[in-house]
$ cat my_file-v3.cif   # mmCIF, C-alpha atoms
data_work
loop_
_atom_site.group_PDB
_atom_site.id
_atom_site.type_symbol
_atom_site.label_atom_id
_atom_site.label_comp_id
_atom_site.auth_asym_id
_atom_site.auth_seq_id
_atom_site.Cartn_x
_atom_site.Cartn_y
_atom_site.Cartn_z
ATOM 1 C CA MET I 1 5.539 1.924 -27.885
ATOM 2 C CA ALA I 2 7.211 -1.263 -26.693
ATOM 3 C CA MET I 3 5.596 -0.957 -23.263
ATOM 4 C CA THR I 4 2.186 -0.841 -24.956
ATOM 5 C CA PHE I 5 2.851 -4.279 -26.388
ATOM 6 C CA VAL I 6 4.143 -5.579 -23.050
ATOM 7 C CA TRP I 7 1.088 -4.365 -21.086
ATOM 8 C CA THR I 8 -1.347 -5.484 -23.772
ATOM 9 C CA GLY I 9 0.329 -8.885 -23.883
ATOM 10 C CA MET I 10 0.102 -9.256 -20.109
ATOM 11 C CA VAL I 11 -3.619 -8.408 -20.119
ATOM 12 C CA VAL I 12 -4.368 -10.740 -23.026
ATOM 13 C CA LEU I 13 -2.381 -13.595 -21.467
ATOM 14 C CA SER I 14 -4.157 -13.089 -18.142
ATOM 15 C CA LEU I 15 -7.547 -13.240 -19.831
ATOM 16 C CA VAL I 16 -6.604 -16.279 -21.935
ATOM 17 C CA PHE I 17 -5.216 -18.250 -18.991
ATOM 18 C CA GLY I 18 -8.152 -17.180 -16.819
ATOM 19 C CA ALA I 19 -10.577 -18.458 -19.464
ATOM 20 C CA VAL I 20 -8.642 -21.705 -20.078
ATOM 21 C CA PHE I 21 -8.466 -22.576 -16.388
ATOM 22 C CA GLY I 22 -11.938 -21.261 -15.541
ATOM 23 C CA ARG I 23 -10.625 -18.473 -13.289
ATOM 24 C CA LEU I 24 -11.909 -15.327 -15.019
ATOM 25 C CA ASP I 25 -13.547 -14.250 -11.749
ATOM 26 C CA ALA I 26 -10.132 -14.320 -10.032
ATOM 27 C CA VAL I 27 -8.624 -12.288 -12.889
ATOM 28 C CA ALA I 28 -11.399 -9.692 -12.599
ATOM 29 C CA ASN I 29 -11.017 -9.516 -8.801
ATOM 30 C CA ALA I 30 -7.246 -9.086 -9.121
ATOM 31 C CA ALA I 31 -7.733 -6.278 -11.645
ATOM 32 C CA LEU I 32 -10.173 -4.474 -9.342
ATOM 33 C CA GLU I 33 -7.942 -4.908 -6.270
ATOM 34 C CA GLY I 34 -4.932 -3.666 -8.248
ATOM 35 C CA ALA I 35 -6.819 -0.593 -9.395
ATOM 36 C CA GLN I 36 -7.949 0.126 -5.839
ATOM 37 C CA SER I 37 -4.404 -0.259 -4.498
ATOM 38 C CA ALA I 38 -3.061 2.033 -7.230
ATOM 39 C CA ILE I 39 -5.567 4.753 -6.324
ATOM 40 C CA GLN I 40 -4.769 4.463 -2.609
ATOM 41 C CA LEU I 41 -1.023 4.624 -3.268
ATOM 42 C CA SER I 42 -1.436 7.608 -5.611
ATOM 43 C CA LEU I 43 -3.518 9.553 -3.096
ATOM 44 C CA SER I 44 -1.205 8.864 -0.170
ATOM 45 C CA MET I 45 1.859 9.751 -2.260
ATOM 46 C CA ALA I 46 0.185 12.941 -3.480
ATOM 47 C CA GLY I 47 -0.102 14.183 0.089
ATOM 48 C CA ILE I 48 3.511 13.451 0.907
ATOM 49 C CA LEU I 49 4.747 14.952 -2.363
ATOM 50 C CA CYS I 50 2.687 18.072 -1.653
ATOM 51 C CA LEU I 51 4.377 18.300 1.741
ATOM 52 C CA TRP I 52 7.869 18.088 0.247
ATOM 53 C CA SER I 53 6.950 20.461 -2.574
ATOM 54 C CA GLY I 54 5.821 22.889 0.131
ATOM 55 C CA VAL I 55 9.133 22.429 1.924
ATOM 56 C CA MET I 56 10.909 23.157 -1.364
ATOM 57 C CA GLU I 57 8.787 26.301 -1.837
ATOM 58 C CA VAL I 58 9.656 27.481 1.693
ATOM 59 C CA MET I 59 13.319 26.870 0.860
ATOM 60 C CA ASN I 60 12.904 28.909 -2.348
ATOM 61 C CA VAL I 61 11.217 31.811 -0.544
ATOM 62 C CA SER I 62 13.739 31.815 2.294
ATOM 63 C CA GLY I 63 16.657 31.741 -0.144
ATOM 64 C CA LEU I 64 18.011 28.440 1.134
ATOM 65 C CA SER I 65 17.690 26.673 -2.226
ATOM 66 C CA ALA I 66 19.362 29.628 -3.972
ATOM 67 C CA GLY I 67 22.178 29.404 -1.456
ATOM 68 C CA LEU I 68 22.484 25.680 -2.068
ATOM 69 C CA ALA I 69 22.542 26.258 -5.823
ATOM 70 C CA LYS I 70 25.164 28.988 -5.355
ATOM 71 C CA ALA I 71 27.313 26.563 -3.361
ATOM 72 C CA PHE I 72 27.329 24.164 -6.325
ATOM 73 C CA ARG I 73 28.327 26.750 -8.917
ATOM 74 C CA PRO I 74 32.129 26.446 -8.465
ATOM 75 C CA PHE I 75 31.890 22.668 -8.854
ATOM 76 C CA LEU I 76 29.580 22.958 -11.861
ATOM 77 C CA ARG I 77 31.819 25.554 -13.519
ATOM 78 C CA ARG I 78 34.665 23.030 -13.477
ATOM 79 C CA LEU I 79 32.450 20.148 -14.589
ATOM 80 C CA LEU I 80 30.487 22.030 -17.303
ATOM 81 C CA PRO I 81 32.717 24.962 -18.342
ATOM 82 C CA ASN I 82 31.008 25.751 -21.673
ATOM 83 C CA ALA I 83 27.459 25.536 -20.353
ATOM 84 C CA CYS I 84 28.258 27.638 -17.312
ATOM 85 C CA GLN I 85 29.339 30.615 -19.424
ATOM 86 C CA ASP I 86 25.634 31.454 -19.698
ATOM 87 C CA THR I 87 24.242 32.582 -16.329
ATOM 88 C CA GLU I 88 20.700 31.330 -17.027
ATOM 89 C CA THR I 89 21.981 27.862 -17.955
ATOM 90 C CA LEU I 90 24.184 27.808 -14.867
ATOM 91 C CA ALA I 91 21.211 28.822 -12.689
ATOM 92 C CA ALA I 92 19.026 26.062 -14.185
ATOM 93 C CA VAL I 93 21.746 23.416 -13.769
ATOM 94 C CA SER I 94 22.432 24.526 -10.187
ATOM 95 C CA ALA I 95 18.744 24.458 -9.297
ATOM 96 C CA ASN I 96 18.399 21.032 -10.935
ATOM 97 C CA VAL I 97 21.284 19.606 -8.915
ATOM 98 C CA SER I 98 19.891 21.185 -5.726
ATOM 99 C CA ALA I 99 16.411 19.733 -6.271
ATOM 100 C CA ASN I 100 17.898 16.306 -6.971
ATOM 101 C CA LEU I 101 20.028 16.617 -3.841
ATOM 102 C CA LEU I 102 16.841 17.135 -1.844
ATOM 103 C CA GLY I 103 15.246 14.089 -3.498
ATOM 104 C CA LEU I 104 12.642 16.128 -5.349
ATOM 105 C CA GLY I 105 12.908 14.506 -8.769
ATOM 106 C CA ASN I 106 9.530 15.930 -9.803
ATOM 107 C CA ALA I 107 10.771 19.457 -9.155
ATOM 108 C CA ALA I 108 14.178 18.744 -10.706
ATOM 109 C CA THR I 109 12.822 17.503 -14.035
ATOM 110 C CA PRO I 110 11.550 20.861 -15.403
ATOM 111 C CA LEU I 111 14.793 22.524 -14.312
ATOM 112 C CA GLY I 112 16.823 19.824 -16.038
ATOM 113 C CA ILE I 113 14.756 20.169 -19.213
ATOM 114 C CA ARG I 114 15.260 23.940 -19.184
ATOM 115 C CA ALA I 115 19.018 23.509 -18.738
ATOM 116 C CA ALA I 116 19.193 20.832 -21.448
ATOM 117 C CA ARG I 117 17.297 23.013 -23.924
ATOM 118 C CA ARG I 118 19.666 25.891 -23.327
ATOM 119 C CA MET I 119 22.696 23.610 -23.611
ATOM 120 C CA ALA I 120 21.366 22.030 -26.837
ATOM 121 C CA GLN I 121 21.289 25.356 -28.662
ATOM 122 C CA GLY I 122 23.889 25.253 -31.395
ATOM 123 C CA CYS I 123 24.444 21.498 -31.150
ATOM 124 C CA TYR I 124 22.562 20.870 -34.429
ATOM 125 C CA GLY I 125 20.878 17.681 -33.245
ATOM 126 C CA VAL I 126 23.984 16.071 -31.734
ATOM 127 C CA ALA I 127 24.309 16.095 -27.951
ATOM 128 C CA SER I 128 27.508 17.638 -26.665
ATOM 129 C CA ASN I 129 29.600 15.922 -24.015
ATOM 130 C CA GLU I 130 28.396 18.469 -21.462
ATOM 131 C CA LEU I 131 24.758 17.820 -22.316
ATOM 132 C CA CYS I 132 25.356 14.085 -21.864
ATOM 133 C CA LEU I 133 27.049 14.862 -18.551
ATOM 134 C CA LEU I 134 23.991 16.860 -17.449
ATOM 135 C CA VAL I 135 21.791 13.854 -18.231
ATOM 136 C CA VAL I 136 24.130 11.660 -16.169
ATOM 137 C CA LEU I 137 24.055 14.122 -13.253
ATOM 138 C CA ASN I 138 20.277 14.350 -13.441
ATOM 139 C CA THR I 139 19.762 10.596 -13.680
ATOM 140 C CA ALA I 140 22.320 9.444 -11.113
ATOM 141 C CA SER I 141 21.916 12.208 -8.572
ATOM 142 C CA ILE I 142 23.164 12.285 -5.008
ATOM 143 C CA GLN I 143 20.179 12.489 -2.676
ATOM 144 C CA LEU I 144 20.524 13.782 0.864
ATOM 145 C CA ILE I 145 16.779 13.549 1.498
ATOM 146 C CA PRO I 146 15.113 10.858 -0.648
ATOM 147 C CA ALA I 147 11.637 12.384 -0.350
ATOM 148 C CA THR I 148 10.005 10.417 -3.162
ATOM 149 C CA ILE I 149 11.298 7.042 -1.981
ATOM 150 C CA ALA I 150 10.336 7.846 1.591
ATOM 151 C CA SER I 151 6.837 8.797 0.467
ATOM 152 C CA VAL I 152 6.415 5.483 -1.357
ATOM 153 C CA ARG I 153 7.624 3.622 1.735
ATOM 154 C CA ALA I 154 5.276 5.618 3.995
ATOM 155 C CA ALA I 155 2.356 5.009 1.640
ATOM 156 C CA ALA I 156 3.105 1.291 1.736
ATOM 157 C CA GLY I 157 2.823 1.336 5.538
ATOM 158 C CA CYS I 158 6.463 1.651 6.603
ATOM 159 C CA GLU I 159 6.747 3.176 10.080
ATOM 160 C CA THR I 160 10.302 4.430 9.523
ATOM 161 C CA PRO I 161 10.465 5.503 5.871
ATOM 162 C CA PHE I 162 13.777 7.364 6.270
ATOM 163 C CA ASP I 163 15.749 4.467 7.770
ATOM 164 C CA ILE I 164 17.178 3.839 4.288
ATOM 165 C CA LEU I 165 19.242 7.049 4.337
ATOM 166 C CA PRO I 166 22.719 5.440 4.644
ATOM 167 C CA ALA I 167 21.978 3.018 1.815
ATOM 168 C CA VAL I 168 20.595 5.806 -0.394
ATOM 169 C CA TRP I 169 23.604 8.028 0.286
ATOM 170 C CA PHE I 170 26.066 5.231 -0.484
ATOM 171 C CA ALA I 171 24.248 4.074 -3.621
ATOM 172 C CA SER I 172 23.717 7.597 -4.972
ATOM 173 C CA VAL I 173 27.371 8.587 -4.482
ATOM 174 C CA LEU I 174 28.481 5.393 -6.232
ATOM 175 C CA SER I 175 26.046 5.940 -9.095
ATOM 176 C CA VAL I 176 27.249 9.526 -9.624
ATOM 177 C CA LEU I 177 30.888 8.449 -9.556
ATOM 178 C CA ALA I 178 30.187 5.618 -11.991
ATOM 179 C CA GLY I 179 28.207 7.930 -14.276
ATOM 180 C CA LEU I 180 30.857 10.650 -14.252
ATOM 181 C CA SER I 181 33.586 8.074 -14.924
ATOM 182 C CA ALA I 182 31.646 6.562 -17.815
ATOM 183 C CA ALA I 183 30.895 9.997 -19.280
ATOM 184 C CA TRP I 184 34.566 10.970 -19.016
ATOM 185 C CA LEU I 185 35.712 7.706 -20.622
ATOM 186 C CA PHE I 186 33.226 7.949 -23.491
ATOM 187 C CA SER I 187 34.025 11.610 -24.143
ATOM 188 C CA HIS I 188 37.754 10.838 -24.358
ATOM 189 C CA TRP I 189 37.124 7.680 -26.381
ATOM 190 C CA GLY I 190 35.000 9.667 -28.826
ATOM 191 C CA LYS I 191 37.791 12.238 -29.327
ATOM 192 C CA ARG I 192 40.221 9.510 -30.423
ATOM 193 C CA LYS I 193 37.941 8.304 -33.226
#
$ encode --input "my_file-v3.cif" --output "structure tokens"
Amino acid sequence: MAMTFVWTGMVVLSLVFGAVFGRLDAVANAALEGAQSAIQLSLSMAGILCLWSGVMEVMNVSGLSAGLAKAFRPFLRRLLPNACQDTETLAAVSANVSANLLGLGNAATPLGIRAARRMAQGCYGVASNELCLLVVLNTASIQLIPATIASVRAAAGCETPFDILPAVWFASVLSVLAGLSAAWLFSHWGKRK
């Protein structure tokens, strides 16, 4: 709701200042150019996202993503012991982490929602520490292949969209460590109160 006010305010201010300074034609041209650029970016990103979704589907069919998810299960069992008692929840969490690892946030979101719904059963409207930890893992995920970011860079005309890999790896590892530390601190702080 707040973003509605922000966007509406920006449009109204643009129109008011355009009218005051006699530049409504420039405002209209900028709006049309922005719309055209948005369509071009969306179409070019759609192609790249389709490519990576296809790669993910090939990985699913070949069993590679299941193997990757299986490799994460021992780690996830230690991190989320209560949630991992249910095999379906564990499978959804593992698949979510695997999709995030491959940089496929669009594919990871439904898996994360499925895992969160299963973990929220019996919480009676209050998120458990493990559910909060899942949100942290989903939000601050380690990405080996940042497919979405690379597609945005390629759509913007970058000739080497994957040259950001070391920076993405470093930043994503730091964000996961910071998120896990914060979740651990808050869960222990909450127990003391």
$ axis_aligned_box --input "my_file-v3.cif" --around "range 2-11 of chain I" --padding-each-side "3 Å" --output "AutoDock Vina command-line options"
--center_x 1.8 --center_y -5.0 --center_z -23.4 --size_x 16.8 --size_y 14.4 --size_z 12.6
$ resolve_selection --input "my_file-v3.cif" --expression "the PyMOL selection byres ((chain I and resi 141) around 9)" --output "PyMOL selection string"
chain I and resi 97+100-101+103+136-140+142-143+172-173+175-176
$ resolve_selection --input "my_file-v3.cif" --expression "the PyMOL selection byres ((chain I and resi 108) around 9)" --output "list in words"
Ala95, Asn96, Val97, Ser98, Ala99, Asn100, Gly103, Leu104, Gly105, Asn106, Ala107, Thr109, Pro110, Leu111, Gly112, Ile113 and Asn138 of chain I
$ atom_distance --input "my_file-v3.cif" --atom1 "CA of Trp169 in chain I" --atom2 "CA of Leu144 in chain I"
6.6 Å
$ atom_distance --input "my_file-v3.cif" --atom1 "CA of Leu41 in chain I" --atom2 "CA of Ala150 in chain I"
12.8 Å
$ decode --input "my_file-v3.cif" --residues "range 67-116 of chain I" --atoms "N, CA and C atoms" --output "short mmCIF file (atom, residue, chain, number, x, y, z; two decimals), in the first residue's frame"
data_model
loop_
_atom_site.label_atom_id
_atom_site.label_comp_id
_atom_site.auth_asym_id
_atom_site.auth_seq_id
_atom_site.Cartn_x
_atom_site.Cartn_y
_atom_site.Cartn_z
N GLY I 67 20.00 -34.97 -6.32
CA GLY I 67 21.28 -35.29 -5.68
C GLY I 67 21.83 -34.12 -4.89
N LEU I 68 21.68 -32.93 -5.45
CA LEU I 68 22.12 -31.72 -4.75
C LEU I 68 21.30 -31.51 -3.49
N ALA I 69 19.98 -31.70 -3.60
CA ALA I 69 19.12 -31.57 -2.43
C ALA I 69 19.47 -32.62 -1.37
N LYS I 70 19.78 -33.83 -1.82
CA LYS I 70 20.14 -34.91 -0.90
C LYS I 70 21.45 -34.58 -0.17
N ALA I 71 22.36 -33.91 -0.88
CA ALA I 71 23.63 -33.53 -0.26
C ALA I 71 23.43 -32.51 0.87
N PHE I 72 22.37 -31.70 0.77
CA PHE I 72 22.12 -30.69 1.79
C PHE I 72 21.36 -31.23 3.00
N ARG I 73 20.77 -32.39 2.89
CA ARG I 73 19.93 -32.90 3.97
C ARG I 73 20.64 -33.05 5.30
N PRO I 74 21.88 -33.57 5.36
CA PRO I 74 22.54 -33.66 6.68
C PRO I 74 22.74 -32.28 7.32
N PHE I 75 23.09 -31.30 6.53
CA PHE I 75 23.26 -29.94 7.04
C PHE I 75 21.92 -29.37 7.52
N LEU I 76 20.88 -29.59 6.73
CA LEU I 76 19.56 -29.06 7.08
C LEU I 76 18.98 -29.77 8.30
N ARG I 77 19.28 -31.04 8.47
CA ARG I 77 18.79 -31.77 9.64
C ARG I 77 19.37 -31.19 10.93
N ARG I 78 20.60 -30.73 10.86
CA ARG I 78 21.22 -30.10 12.04
C ARG I 78 20.69 -28.70 12.26
N LEU I 79 20.43 -27.99 11.16
CA LEU I 79 19.98 -26.60 11.24
C LEU I 79 18.49 -26.50 11.59
N LEU I 80 17.68 -27.39 11.05
CA LEU I 80 16.22 -27.37 11.24
C LEU I 80 15.75 -28.75 11.73
N PRO I 81 16.11 -29.14 12.95
CA PRO I 81 15.81 -30.52 13.38
C PRO I 81 14.32 -30.83 13.46
N ASN I 82 13.49 -29.91 13.92
CA ASN I 82 12.06 -30.20 14.05
C ASN I 82 11.39 -30.30 12.69
N ALA I 83 11.72 -29.37 11.81
CA ALA I 83 11.10 -29.36 10.48
C ALA I 83 11.51 -30.56 9.66
N CYS I 84 12.71 -31.04 9.86
CA CYS I 84 13.23 -32.13 9.04
C CYS I 84 12.75 -33.50 9.50
N GLN I 85 11.92 -33.54 10.55
CA GLN I 85 11.33 -34.83 10.95
C GLN I 85 10.29 -35.29 9.94
N ASP I 86 9.72 -34.33 9.21
CA ASP I 86 8.75 -34.64 8.16
C ASP I 86 9.49 -34.70 6.83
N THR I 87 9.39 -35.82 6.12
CA THR I 87 10.17 -36.00 4.89
C THR I 87 9.75 -35.03 3.79
N GLU I 88 8.45 -34.72 3.70
CA GLU I 88 7.99 -33.79 2.67
C GLU I 88 8.52 -32.38 2.92
N THR I 89 8.53 -31.96 4.18
CA THR I 89 9.07 -30.64 4.53
C THR I 89 10.56 -30.61 4.23
N LEU I 90 11.27 -31.65 4.60
CA LEU I 90 12.70 -31.73 4.34
C LEU I 90 12.98 -31.68 2.84
N ALA I 91 12.17 -32.37 2.04
CA ALA I 91 12.35 -32.36 0.58
C ALA I 91 12.11 -30.96 0.03
N ALA I 92 11.09 -30.25 0.52
CA ALA I 92 10.80 -28.91 0.03
C ALA I 92 11.90 -27.93 0.43
N VAL I 93 12.40 -28.04 1.66
CA VAL I 93 13.48 -27.16 2.12
C VAL I 93 14.75 -27.44 1.31
N SER I 94 15.06 -28.71 1.11
CA SER I 94 16.26 -29.07 0.34
C SER I 94 16.18 -28.56 -1.10
N ALA I 95 15.02 -28.73 -1.72
CA ALA I 95 14.85 -28.24 -3.09
C ALA I 95 14.91 -26.72 -3.14
N ASN I 96 14.38 -26.05 -2.12
CA ASN I 96 14.45 -24.59 -2.06
C ASN I 96 15.89 -24.12 -1.97
N VAL I 97 16.66 -24.73 -1.09
CA VAL I 97 18.07 -24.35 -0.94
C VAL I 97 18.84 -24.63 -2.23
N SER I 98 18.54 -25.76 -2.88
CA SER I 98 19.22 -26.11 -4.13
C SER I 98 18.91 -25.10 -5.24
N ALA I 99 17.63 -24.72 -5.36
CA ALA I 99 17.25 -23.75 -6.39
C ALA I 99 17.89 -22.40 -6.12
N ASN I 100 17.94 -22.00 -4.86
CA ASN I 100 18.62 -20.74 -4.51
C ASN I 100 20.11 -20.82 -4.81
N LEU I 101 20.70 -21.97 -4.55
CA LEU I 101 22.12 -22.16 -4.82
C LEU I 101 22.43 -21.97 -6.30
N LEU I 102 21.49 -22.39 -7.14
CA LEU I 102 21.66 -22.23 -8.59
C LEU I 102 21.21 -20.86 -9.08
N GLY I 103 20.80 -19.98 -8.17
CA GLY I 103 20.42 -18.63 -8.55
C GLY I 103 19.05 -18.53 -9.20
N LEU I 104 18.22 -19.53 -8.99
CA LEU I 104 16.89 -19.55 -9.61
C LEU I 104 15.85 -19.18 -8.57
N GLY I 105 15.86 -17.91 -8.16
CA GLY I 105 14.94 -17.43 -7.14
C GLY I 105 13.49 -17.64 -7.52
N ASN I 106 13.17 -17.52 -8.82
CA ASN I 106 11.78 -17.74 -9.26
C ASN I 106 11.35 -19.18 -9.05
N ALA I 107 12.25 -20.11 -9.21
CA ALA I 107 11.91 -21.52 -8.98
C ALA I 107 11.95 -21.84 -7.50
N ALA I 108 12.76 -21.13 -6.73
CA ALA I 108 12.90 -21.40 -5.30
C ALA I 108 11.71 -20.91 -4.50
N THR I 109 11.05 -19.85 -4.97
CA THR I 109 9.97 -19.25 -4.19
C THR I 109 8.82 -20.22 -3.92
N PRO I 110 8.27 -20.92 -4.93
CA PRO I 110 7.18 -21.86 -4.61
C PRO I 110 7.61 -22.97 -3.66
N LEU I 111 8.85 -23.42 -3.80
CA LEU I 111 9.36 -24.46 -2.90
C LEU I 111 9.47 -23.93 -1.48
N GLY I 112 9.93 -22.69 -1.34
CA GLY I 112 10.03 -22.08 -0.02
C GLY I 112 8.66 -21.87 0.61
N ILE I 113 7.69 -21.47 -0.21
CA ILE I 113 6.32 -21.28 0.31
C ILE I 113 5.75 -22.62 0.77
N ARG I 114 5.98 -23.67 -0.02
CA ARG I 114 5.48 -24.99 0.37
C ARG I 114 6.11 -25.43 1.70
N ALA I 115 7.43 -25.23 1.82
CA ALA I 115 8.11 -25.61 3.06
C ALA I 115 7.61 -24.78 4.24
N ALA I 116 7.42 -23.48 4.02
CA ALA I 116 6.96 -22.60 5.10
C ALA I 116 5.55 -22.97 5.55
#
